[in-house]
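Quick notes on the structure that follows.
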Protein chains: 4
Amino acid sequence: MAKKEKDIDYKTYLQLPTLLGAQKPISAAHDEMLFVIVHQTYELWFKQVLFEVARVQKLFARKRVADSDLRIISEALARVDAILKHLVRQVDLLETMTPLDFLDFRHVFRSASGFQSMQFRALEISLGLREEDRVSYDGKAYTSYLSKEDQKTIGRLEKGDSLFEQVDKWLARTPFVSMGKFDFWRAYGRAVTAMLKGDRKAAAADKTLTQAARQMTFVRIDNVQKQFDALFDGSAHKKSLWRLSNKAVKAALFIMLYLDQSVLQAPFKILGALMDIDETMTLWRYRHAQMVQRMLGMKMGSGGSSGHDYLVATTEKNRVFKDFFALSTFMIPRSALPQLPAEVKKKMGFRYGSDGE
Amino acid sequence: MAKKEKDIDYKTYLQLPTLLGAQKPISAAHDEMLFVIVHQTYELWFKQVLFEVARVQKLFARKRVADSDLRIISEALARVDAILKHLVRQVDLLETMTPLDFLDFRHVFRSASGFQSMQFRALEISLGLREEDRVSYDGKAYTSYLSKEDQKTIGRLEKGDSLFEQVDKWLARTPFVSMGKFDFWRAYGRAVTAMLKGDRKAAAADKTLTQAARQMTFVRIDNVQKQFDALFDGSAHKKSLWRLSNKAVKAALFIMLYLDQSVLQAPFKILGALMDIDETMTLWRYRHAQMVQRMLGMKMGSGGSSGHDYLVATTEKNRVFKDFFALSTFMIPRSALPQLPAEVKKKMGFRYGSDGE
Amino acid sequence: MAKKEKDIDYKTYLQLPTLLGAQKPISAAHDEMLFVIVHQTYELWFKQVLFEVARVQKLFARKRVADSDLRIISEALARVDAILKHLVRQVDLLETMTPLDFLDFRHVFRSASGFQSMQFRALEISLGLREEDRVSYDGKAYTSYLSKEDQKTIGRLEKGDSLFEQVDKWLARTPFVSMGKFDFWRAYGRAVTAMLKGDRKAAAADKTLTQAARQMTFVRIDNVQKQFDALFDGSAHKKSLWRLSNKAVKAALFIMLYLDQSVLQAPFKILGALMDIDETMTLWRYRHAQMVQRMLGMKMGSGGSSGHDYLVATTEKNRVFKDFFALSTFMIPRSALPQLPAEVKKKMGFRYGSDGE
Amino acid sequence: MAKKEKDIDYKTYLQLPTLLGAQKPISAAHDEMLFVIVHQTYELWFKQVLFEVARVQKLFARKRVADSDLRIISEALARVDAILKHLVRQVDLLETMTPLDFLDFRHVFRSASGFQSMQFRALEISLGLREEDRVSYDGKAYTSYLSKEDQKTIGRLEKGDSLFEQVDKWLARTPFVSMGKFDFWRAYGRAVTAMLKGDRKAAAADKTLTQAARQMTFVRIDNVQKQFDALFDGSAHKKSLWRLSNKAVKAALFIMLYLDQSVLQAPFKILGALMDIDETMTLWRYRHAQMVQRMLGMKMGSGGSSGHDYLVATTEKNRVFKDFFALSTFMIPRSALPQLPAEVKKKMGFRYGSDGE
């Protein structure tokens, strides 16, 4: 009814009677309310994060991502990161509770556990965390702690393309990596070889180095050469050292090296936002592990492994966008970088004609 | 049923189906969800803040505040401040929305407004904000924007003792301000007079000062003397320059000056936490005003006064614990402070006998 | 000497002996060290901020700002804002000091004051704060508190183009606002008129409104119309309600309304960063004012006006990029916005041909 | 000279010409300045942190820590934590630099490395980090990367009592753990046994449990019993599972369990602050490791181990106050806690007579 819509007030709009009636602490311990509200606000924010990720996934699902949508994508991802950073800080609020106060109501949980947050699992899966990226808990998959129904939901979620996979495909389609006579990969290979040759020569000529130091420098340069070789000859991909496809690796490296070209500015923002999210998710796991240790000491675990140890292990293993960090290994300084041909540069500029003219 | 209690899981414990079903954006604009969730998490945290304030008020409502409760009080207030600081930072999340995106759904609010947050009003009133401390909006009391029912609730809230009033009474009861032969107020008056006399003498003797600079120094010292006179002779209280009672002012000053005495450490923490809360509430108003200006420019207001101007005005006026800040005016350096007699010091120590022995 | 360069270590590189030998507290009070280091880190960060602003100003000083430099500009401004936000939070560290501890060394300052921070003044002036934008202190210009030499430096700084002026000129040059047959200003005027007409009609037809409410709605719409009229007929500019030139206002509004067009994404980022900086500078002033009040109460001032009151007054007055906030007043919802002609859209896309095809 | 002291201005007081002249970037890369200033502000804050820790250590070095000094100690430690948290956030500022921009000047460092920050080493050692607590880097002690002179300084620092050792001794002296007829340890042992017996009984009677679940519960209870046994019979100490002395463990547990007793409120604050510092140092290491990975990928290391892996390993190993976290393992709920006898309670109260009367 029209009338009703017009009369909407703050309380109704925000569903406050429902929202503020949904706190059901079980014990009489004062701090259980804090525990409930901390976790409820987490879940509300997870909903928002999933809402943003879904928007991004919808745009990436198109055959072609419109240039005018790139801002929306990078801003949505930036918002996701801002929210996650907010949630990391929120751990401080839970730590205003003493371990003794926590014990006053800890018994109410029984088998209930943050493990069972379906939204958090959905987030991990949407971003692209795979079963094999996970640390197992007491030798069992995390899904074994879930209800049948939730296991089904997980199964369904895992079927769709994750954000990681979408980004992989989007990167693989980048047109500039090879354009006319310009082949980035070949040019880059030559530049790397020249740079390392120069490094070797400089080390050989450097009289301030001791024999041992010179030798170490050579070893270091050889190692770098081997890493690059494995990248260039595709053997690193054959050995599955990368999760990104070979084409996506090239494109991502290209974007990170020529980030100031007009057409690459937005993609660079997007890659940066994905790395931010990866870092913040990881930080969230870490702060969570610290907090659990503070509250429970070595209590939670059994058979030697504590809850804390498990949680710390997840911080480094349960990561999705690691490959983008690994790319830094393969960057070379601007001074050694191949120049882009003028025609390539021009193609990467705006139509109204500002750059390269 | 016992069985059911045992089987509680994460989802049920946190009432997630209810909680995550309570977002009802009206428009199809993507960012309305953010708007809803930002405000819902605000309201959840307000509930927690009110819960903590209620705990503190209950402890202060006793005829005698137990020493062993002082830690609980100061930690509860510190938690309130930590939550409010978190909410200030949360404004950043709302600002990830562009003004244009806000316009896509702004029309849905009609008369709905944050003005109508009853929990926020309850917080202000519980802390001790009075009708006369408020900036009026368009010449009208804020209650005129509320429903009849909400006006009644406000009326009820205003009847009880606020935290400010409770703290005032608690301070007024502090036993140490006058103990045996020791009268803090008299001793302090003498110390102030001696200090200012010294300052005048030093200025008169200081040959590096120009005549004008010396004159200004004298004027400044006279002003300080006058402020102190008004405090000591009670005329400042007669003119209602203070909201705190005369006795409470004395006790608060005593606590702030002898903060290291064992028995004063906890009360000092409490006063500090109240000042923190006052500062953070004010900062929250300020960030809120900035955000409104960013989203709406000069739109909201009518008749010349914008929403932004109104909100900025509230930051300095709508304050509860201002008096504690004013006390800094009346502090004198430790070197000029009257020494506490040994017997007073001893009485302020622990029974097991560690200090002063 | 080559040898020496090679042997550089952490300590030498960072000039640690110099840096860590430059703290010269005058009193024996413990907390004076904190005071010194808080202010020294402020000044180091101001140096960095000025370094970034200088980079941006150099790029804006060119006859034509290259598209490939826009990322550098917006990232430099974002970094400035990130640093300033860090400095706002740093106020918390100073507040770990009690007012009593501050009194232990406050006397060492004499006439020394943060007022004399030349780097902060240089920052204000580089951004574009003019003498007339400033609140005067005790009726005198802030420069009257500076040494002759510093006054000269200020004079020199004020001669150059500020960032505000550079941005104004850059905006005024934006090519898309009027392109071929498309005249944004005219199209926008028509859209606004149509929208307000629709609003009036809706209000007249809305039977749920009381007569008084309907009347108020009409008044509000009329006010909006007048604001727009003054903008469109240029009278707002004649009355100097804007600091931005008329052309720059148009361009900025255009950018804020069509922010997703590829060519406008970077400019929009830049405008956003300028607003962020303005907000954060203002927040910094506000937190500073709060901190001074906490430490000094009403001490600092003379003649009735306290230091706190002065500082609070500066937060709203001493602002540079206010106009960009005011622009929100003149935005209309996307649904009412004029569609960009296909040819204009195409011109705003990339050369390689992704949008509009 | 008196004259000179009077004329001190802001610039001279803060030694700004020296301070702002101490940035000596070697390359022409724009972002090297940021790198320098980030690290210089780190070092300035480390100086402040060491200054606070030295104050605390001086107070702890006394034969008897005065009750009136406990506030100073806990506030100094809280300030240390606040500064460290600020430094953790500061990592974000360094991350405004792209890896490519870092490569533009990375070559200038040669052997220079944050490894060589003597202040950071001094902080670790003052807090109580021992050689054996450290992860070795490439199989070598970190000191092997230092100059002879710095190695000597480290040697000297390691001789003194660390904060950890001082706190251990201070805790071991706590008088209340055994007082008259009250022996906390014995009473606590009885309470634990009773609690676990109750838990076993409840599990046996709980018909909602499957046989397997019941069995797991028994195993869990047995494990808890074993942990307590090892604590009570001293075998955990014989096996060096604790770094704290047996007496200190008892006292710390006592403080954490009876935290609201007036005399324990300040000690509890101190233990909490030490845990905060431990957590934040660890978080700092973690953020640092993330940042290095982002900038360098897998570059830094050699022989398979990357810089990132080393840094992550330090976060969990290089910890000083772990034992305080482990104590949470041995807490039991308030409801199962032995009641303190009235006379003990009274002794822990204030002399002026407020509690227990």
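Convention: chains lettered A, B, ... in structure tokens order; per-chain residue numbering from 1; ligands numbered from 1 as shown.
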Just the residues within 10 Å of C:Lys11, please, counting only C-alpha atoms, with nothing from its chain fewer than 6 positions along; format it as a list in words.
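Counting only C-alpha atoms, the residues come to Pro17, Thr18 and Leu19 of chain C; Ala112, Ser113, Gly114, Gln116, Ser117 and Met118 of chain D.
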Grab the residues selected above and save them as a PDB file, in the first residue's frame with N, CA, C and O atoms.
ATOM      1  N   PRO C  17      72.821   8.135  13.674  1.00  0.00           N
ATOM      2  CA  PRO C  17      73.478   8.901  14.743  1.00  0.00           C
ATOM      3  C   PRO C  17      72.962  10.347  14.799  1.00  0.00           C
ATOM      4  O   PRO C  17      72.673  10.869  15.878  1.00  0.00           O
ATOM      5  N   THR C  18      72.786  10.966  13.642  1.00  0.00           N
ATOM      6  CA  THR C  18      72.236  12.326  13.603  1.00  0.00           C
ATOM      7  C   THR C  18      70.793  12.338  14.102  1.00  0.00           C
ATOM      8  O   THR C  18      70.416  13.118  14.974  1.00  0.00           O
ATOM      9  N   LEU C  19      70.006  11.448  13.523  1.00  0.00           N
ATOM     10  CA  LEU C  19      68.577  11.437  13.803  1.00  0.00           C
ATOM     11  C   LEU C  19      68.287  11.180  15.279  1.00  0.00           C
ATOM     12  O   LEU C  19      67.487  11.879  15.905  1.00  0.00           O
TER      13      LEU C  19
ATOM     14  N   ALA D 112      72.902  -3.412   3.321  1.00  0.00           N
ATOM     15  CA  ALA D 112      72.104  -2.754   4.363  1.00  0.00           C
ATOM     16  C   ALA D 112      70.771  -3.471   4.523  1.00  0.00           C
ATOM     17  O   ALA D 112      70.146  -3.843   3.533  1.00  0.00           O
ATOM     18  N   SER D 113      70.315  -3.624   5.729  1.00  0.00           N
ATOM     19  CA  SER D 113      69.072  -4.358   5.970  1.00  0.00           C
ATOM     20  C   SER D 113      68.500  -4.010   7.336  1.00  0.00           C
ATOM     21  O   SER D 113      69.227  -3.663   8.273  1.00  0.00           O
ATOM     22  N   GLY D 114      67.193  -4.103   7.422  1.00  0.00           N
ATOM     23  CA  GLY D 114      66.510  -3.833   8.679  1.00  0.00           C
ATOM     24  C   GLY D 114      67.020  -4.742   9.791  1.00  0.00           C
ATOM     25  O   GLY D 114      66.911  -4.404  10.979  1.00  0.00           O
ATOM     26  N   GLN D 116      69.752  -4.918  10.705  1.00  0.00           N
ATOM     27  CA  GLN D 116      70.809  -4.215  11.428  1.00  0.00           C
ATOM     28  C   GLN D 116      70.284  -3.134  12.361  1.00  0.00           C
ATOM     29  O   GLN D 116      71.067  -2.364  12.910  1.00  0.00           O
ATOM     30  N   SER D 117      68.967  -3.065  12.534  1.00  0.00           N
ATOM     31  CA  SER D 117      68.453  -2.045  13.449  1.00  0.00           C
ATOM     32  C   SER D 117      68.809  -2.416  14.888  1.00  0.00           C
ATOM     33  O   SER D 117      68.223  -3.317  15.481  1.00  0.00           O
ATOM     34  N   MET D 118      69.764  -1.700  15.448  1.00  0.00           N
ATOM     35  CA  MET D 118      70.211  -2.014  16.803  1.00  0.00           C
ATOM     36  C   MET D 118      69.142  -1.693  17.827  1.00  0.00           C
ATOM     37  O   MET D 118      69.039  -2.357  18.861  1.00  0.00           O
TER      38      MET D 118
END
Pull out every residue of chain D sitting within 8 Å of chain C, counting only C-alpha atoms, and send them as a VMD selection string.
chain D and resid 6 to 11 13 to 16 18 to 20 22 to 25 33 to 34 36 to 37 39 to 41 43 to 45 47 to 48 75 79 82 to 83 86 89 to 90 93 96 109 to 114 116 to 117
Please, what distance in Å, to one decimal, runs between atom CA of D:Asp161 and atom CA of D:Phe254?
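Computed distance, atom CA of D:Asp161 to atom CA of D:Phe254, equals 24.3 Å.
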Would you mind listing what lies within 9 Å of D:Ala122 as a list in words, with only C-alpha atoms counted and same-chain residues fewer than 6 positions away left out?
Leu50, Thr153, Ile154, Leu157 and Glu158 of chain D
Expected file: the selected residues, N, CA and C atoms, as a PDB file, in the first residue's frame:
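Dumped to result_1.pdb:
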ATOM      1  N   LEU D  50      62.030   2.332  23.786  1.00  0.00           N
ATOM      2  CA  LEU D  50      63.128   1.941  24.670  1.00  0.00           C
ATOM      3  C   LEU D  50      63.180   2.829  25.912  1.00  0.00           C
ATOM      4  N   THR D 153      77.766  -4.473  21.617  1.00  0.00           N
ATOM      5  CA  THR D 153      76.603  -3.835  22.256  1.00  0.00           C
ATOM      6  C   THR D 153      75.563  -4.886  22.622  1.00  0.00           C
ATOM      7  N   ILE D 154      75.300  -5.778  21.690  1.00  0.00           N
ATOM      8  CA  ILE D 154      74.334  -6.860  21.947  1.00  0.00           C
ATOM      9  C   ILE D 154      74.778  -7.668  23.171  1.00  0.00           C
ATOM     10  N   LEU D 157      74.046  -5.800  26.320  1.00  0.00           N
ATOM     11  CA  LEU D 157      72.607  -5.765  26.600  1.00  0.00           C
ATOM     12  C   LEU D 157      72.125  -7.087  27.187  1.00  0.00           C
ATOM     13  N   GLU D 158      72.693  -8.170  26.679  1.00  0.00           N
ATOM     14  CA  GLU D 158      72.195  -9.485  27.105  1.00  0.00           C
ATOM     15  C   GLU D 158      72.584  -9.826  28.535  1.00  0.00           C
TER      16      GLU D 158
END
Tell me which of D:Lys250, D:Lys181, D:Lys152, D:Arg62 sits closest to D:Met331, counting only C-alpha atoms.
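Once distances to D:Met331 are computed over only C-alpha atoms, the minimum belongs to D:Lys250.
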Taking the chain letters and numbering used in this document, name the residues of stretch 3-193 of chain C that DSSP puts in helix (DSSP H, G or I), as number ranges by chain.
C: 3-6, 10-13, 16-19, 32-60, 67-94, 99-106, 114-116, 118-127, 131-133, 142-145, 148-159, 163-172, 175-177, 184-193
Write out as a PDB file with N, CA and C atoms, in the first residue's frame which residues come within 10 Å of B:Ser262 when counting only C-alpha atoms, dropping same-chain ones fewer than 3 positions away.
ATOM      1  N   TYR B 258      46.615  13.765  42.483  1.00  0.00           N
ATOM      2  CA  TYR B 258      47.313  12.741  43.270  1.00  0.00           C
ATOM      3  C   TYR B 258      47.033  11.345  42.716  1.00  0.00           C
ATOM      4  N   LEU B 259      47.021  11.269  41.409  1.00  0.00           N
ATOM      5  CA  LEU B 259      46.585  10.060  40.691  1.00  0.00           C
ATOM      6  C   LEU B 259      47.385   8.810  41.004  1.00  0.00           C
ATOM      7  N   GLN B 265      44.086   5.398  41.973  1.00  0.00           N
ATOM      8  CA  GLN B 265      44.402   4.914  40.624  1.00  0.00           C
ATOM      9  C   GLN B 265      43.149   4.479  39.859  1.00  0.00           C
ATOM     10  N   ALA B 266      42.286   3.744  40.509  1.00  0.00           N
ATOM     11  CA  ALA B 266      41.070   3.284  39.829  1.00  0.00           C
ATOM     12  C   ALA B 266      40.122   4.453  39.537  1.00  0.00           C
ATOM     13  N   PRO B 267      39.859   5.346  40.514  1.00  0.00           N
ATOM     14  CA  PRO B 267      39.016   6.507  40.190  1.00  0.00           C
ATOM     15  C   PRO B 267      39.592   7.353  39.052  1.00  0.00           C
ATOM     16  N   LYS B 345      48.566   9.813  53.339  1.00  0.00           N
ATOM     17  CA  LYS B 345      49.123   8.879  52.357  1.00  0.00           C
ATOM     18  C   LYS B 345      48.904   7.436  52.789  1.00  0.00           C
ATOM     19  N   LYS B 346      49.181   7.200  54.056  1.00  0.00           N
ATOM     20  CA  LYS B 346      49.062   5.837  54.568  1.00  0.00           C
ATOM     21  C   LYS B 346      47.616   5.329  54.449  1.00  0.00           C
ATOM     22  N   LYS B 347      46.705   6.194  54.796  1.00  0.00           N
ATOM     23  CA  LYS B 347      45.299   5.811  54.721  1.00  0.00           C
ATOM     24  C   LYS B 347      44.872   5.490  53.293  1.00  0.00           C
ATOM     25  N   MET B 348      45.595   6.078  52.328  1.00  0.00           N
ATOM     26  CA  MET B 348      45.237   5.845  50.930  1.00  0.00           C
ATOM     27  C   MET B 348      45.926   4.608  50.355  1.00  0.00           C
ATOM     28  N   GLY B 349      46.661   3.894  51.203  1.00  0.00           N
ATOM     29  CA  GLY B 349      47.382   2.716  50.721  1.00  0.00           C
ATOM     30  C   GLY B 349      46.638   1.436  51.037  1.00  0.00           C
ATOM     31  N   PHE B 350      47.307   0.311  50.780  1.00  0.00           N
ATOM     32  CA  PHE B 350      46.699  -0.995  51.021  1.00  0.00           C
ATOM     33  C   PHE B 350      46.908  -1.444  52.455  1.00  0.00           C
ATOM     34  N   ASP B 355      52.938   0.646  51.004  1.00  0.00           N
ATOM     35  CA  ASP B 355      53.423   2.025  50.839  1.00  0.00           C
ATOM     36  C   ASP B 355      53.678   2.698  52.169  1.00  0.00           C
TER      37      ASP B 355
ATOM     38  N   ALA D  66      56.993  -0.148  44.542  1.00  0.00           N
ATOM     39  CA  ALA D  66      55.992   0.581  45.322  1.00  0.00           C
ATOM     40  C   ALA D  66      54.633   0.484  44.648  1.00  0.00           C
ATOM     41  N   ASP D  67      53.594   0.322  45.466  1.00  0.00           N
ATOM     42  CA  ASP D  67      52.236   0.264  44.907  1.00  0.00           C
ATOM     43  C   ASP D  67      51.921   1.502  44.089  1.00  0.00           C
ATOM     44  N   SER D  68      52.415   2.643  44.546  1.00  0.00           N
ATOM     45  CA  SER D  68      52.102   3.877  43.833  1.00  0.00           C
ATOM     46  C   SER D  68      52.814   3.953  42.486  1.00  0.00           C
ATOM     47  N   ASP D  69      53.778   3.053  42.252  1.00  0.00           N
ATOM     48  CA  ASP D  69      54.433   3.028  40.939  1.00  0.00           C
ATOM     49  C   ASP D  69      53.754   2.094  39.939  1.00  0.00           C
ATOM     50  N   LEU D  70      52.821   1.302  40.422  1.00  0.00           N
ATOM     51  CA  LEU D  70      52.207   0.322  39.522  1.00  0.00           C
ATOM     52  C   LEU D  70      51.440   0.987  38.383  1.00  0.00           C
ATOM     53  N   ARG D  71      50.811   2.123  38.696  1.00  0.00           N
ATOM     54  CA  ARG D  71      50.107   2.844  37.634  1.00  0.00           C
ATOM     55  C   ARG D  71      51.104   3.322  36.578  1.00  0.00           C
ATOM     56  N   SER D 262      41.063  -5.463  45.038  1.00  0.00           N
ATOM     57  CA  SER D 262      41.692  -4.155  44.877  1.00  0.00           C
ATOM     58  C   SER D 262      43.190  -4.238  44.634  1.00  0.00           C
ATOM     59  N   VAL D 263      43.864  -5.033  45.435  1.00  0.00           N
ATOM     60  CA  VAL D 263      45.320  -5.056  45.372  1.00  0.00           C
ATOM     61  C   VAL D 263      45.823  -5.757  44.110  1.00  0.00           C
ATOM     62  N   ALA D 266      45.930  -3.547  39.745  1.00  0.00           N
ATOM     63  CA  ALA D 266      47.083  -2.980  39.039  1.00  0.00           C
ATOM     64  C   ALA D 266      47.993  -4.075  38.476  1.00  0.00           C
ATOM     65  N   PHE D 350      41.847  -1.883  50.847  1.00  0.00           N
ATOM     66  CA  PHE D 350      42.478  -0.624  51.234  1.00  0.00           C
ATOM     67  C   PHE D 350      42.412  -0.415  52.734  1.00  0.00           C
TER      68      PHE D 350
END
Give me the residues within 7 Å of B:Phe164 as a list of chain:residue names, counting only C-alpha atoms and dropping any in the same chain fewer than 2 places off.
B:Leu127, B:Gly128, B:Ser162, B:Gln166, B:Val167, B:Asp168
Pull N, CA and C atoms from the residues just selected and write them as a PDB file, in the first residue's frame.
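Final file, selection_0.pdb:
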ATOM      1  N   LEU B 127      23.989   8.982  29.482  1.00  0.00           N
ATOM      2  CA  LEU B 127      25.260   9.602  29.846  1.00  0.00           C
ATOM      3  C   LEU B 127      25.017  10.892  30.628  1.00  0.00           C
ATOM      4  N   GLY B 128      23.972  11.611  30.258  1.00  0.00           N
ATOM      5  CA  GLY B 128      23.663  12.821  31.006  1.00  0.00           C
ATOM      6  C   GLY B 128      23.422  14.058  30.158  1.00  0.00           C
ATOM      7  N   SER B 162      21.170  10.151  35.585  1.00  0.00           N
ATOM      8  CA  SER B 162      22.099   9.858  34.495  1.00  0.00           C
ATOM      9  C   SER B 162      23.453   9.468  35.073  1.00  0.00           C
ATOM     10  N   GLN B 166      25.253  10.396  38.692  1.00  0.00           N
ATOM     11  CA  GLN B 166      25.785   9.362  39.587  1.00  0.00           C
ATOM     12  C   GLN B 166      27.253   9.614  39.905  1.00  0.00           C
ATOM     13  N   VAL B 167      28.006   9.959  38.865  1.00  0.00           N
ATOM     14  CA  VAL B 167      29.434  10.218  39.057  1.00  0.00           C
ATOM     15  C   VAL B 167      29.621  11.442  39.953  1.00  0.00           C
ATOM     16  N   ASP B 168      28.776  12.447  39.735  1.00  0.00           N
ATOM     17  CA  ASP B 168      28.834  13.647  40.567  1.00  0.00           C
ATOM     18  C   ASP B 168      28.674  13.285  42.049  1.00  0.00           C
TER      19      ASP B 168
END
Which residues are near D:Glu132? Cut-off 12 Å, only C-alpha atoms, ignore same chain within fewer than 4 positions. Put them as a ChimeraX atom specification.
/D:125,128,136,141-142,243,317-320
Between atom CA of D:Glu32 and atom CA of D:Phe102, measure the distance and give it in Å to one decimal.
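The value is 7.7 Å.
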One residue among B:Arg334, B:Asp199, B:Gly234, B:Ala61 is nearest to B:Gly160 when using only C-alpha atoms, and that residue is B:Ala61
Among stretch 155-322 of chain D, which residues carry a DSSP assignment of strand (DSSP E or B), reported as a list in words?
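Matching residues, listed in order: Ser178, Met179, Phe182, Asp183, Ser302 and Ser305 of chain D.
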May I have the selected residues written with N, CA and C atoms, as a PDB file, in the first residue's frame?
ATOM      1  N   SER D 178      50.039 -17.350  49.290  1.00  0.00           N
ATOM      2  CA  SER D 178      49.961 -18.199  50.478  1.00  0.00           C
ATOM      3  C   SER D 178      49.968 -17.255  51.668  1.00  0.00           C
ATOM      4  N   MET D 179      48.890 -17.272  52.422  1.00  0.00           N
ATOM      5  CA  MET D 179      48.722 -16.263  53.461  1.00  0.00           C
ATOM      6  C   MET D 179      48.026 -16.902  54.649  1.00  0.00           C
ATOM      7  N   PHE D 182      45.635 -19.905  54.404  1.00  0.00           N
ATOM      8  CA  PHE D 182      45.206 -20.042  53.011  1.00  0.00           C
ATOM      9  C   PHE D 182      46.368 -20.388  52.091  1.00  0.00           C
ATOM     10  N   ASP D 183      46.250 -21.541  51.423  1.00  0.00           N
ATOM     11  CA  ASP D 183      47.265 -21.901  50.432  1.00  0.00           C
ATOM     12  C   ASP D 183      46.565 -22.039  49.089  1.00  0.00           C
ATOM     13  N   SER D 302      67.686 -17.329  -0.533  1.00  0.00           N
ATOM     14  CA  SER D 302      68.548 -18.146  -1.378  1.00  0.00           C
ATOM     15  C   SER D 302      68.435 -19.561  -0.831  1.00  0.00           C
ATOM     16  N   SER D 305      64.884 -21.074   0.843  1.00  0.00           N
ATOM     17  CA  SER D 305      64.102 -20.361   1.859  1.00  0.00           C
ATOM     18  C   SER D 305      63.996 -18.894   1.486  1.00  0.00           C
TER      19      SER D 305
END
Env of A:Met295: 8 Å cut, atoms = only C-alpha atoms, seq-sep filter 2 positions within chain, self excluded. Answer as JSON, numbers by chain.
{"A": [98, 99, 102, 291, 292, 293, 297], "D": [325, 328]}
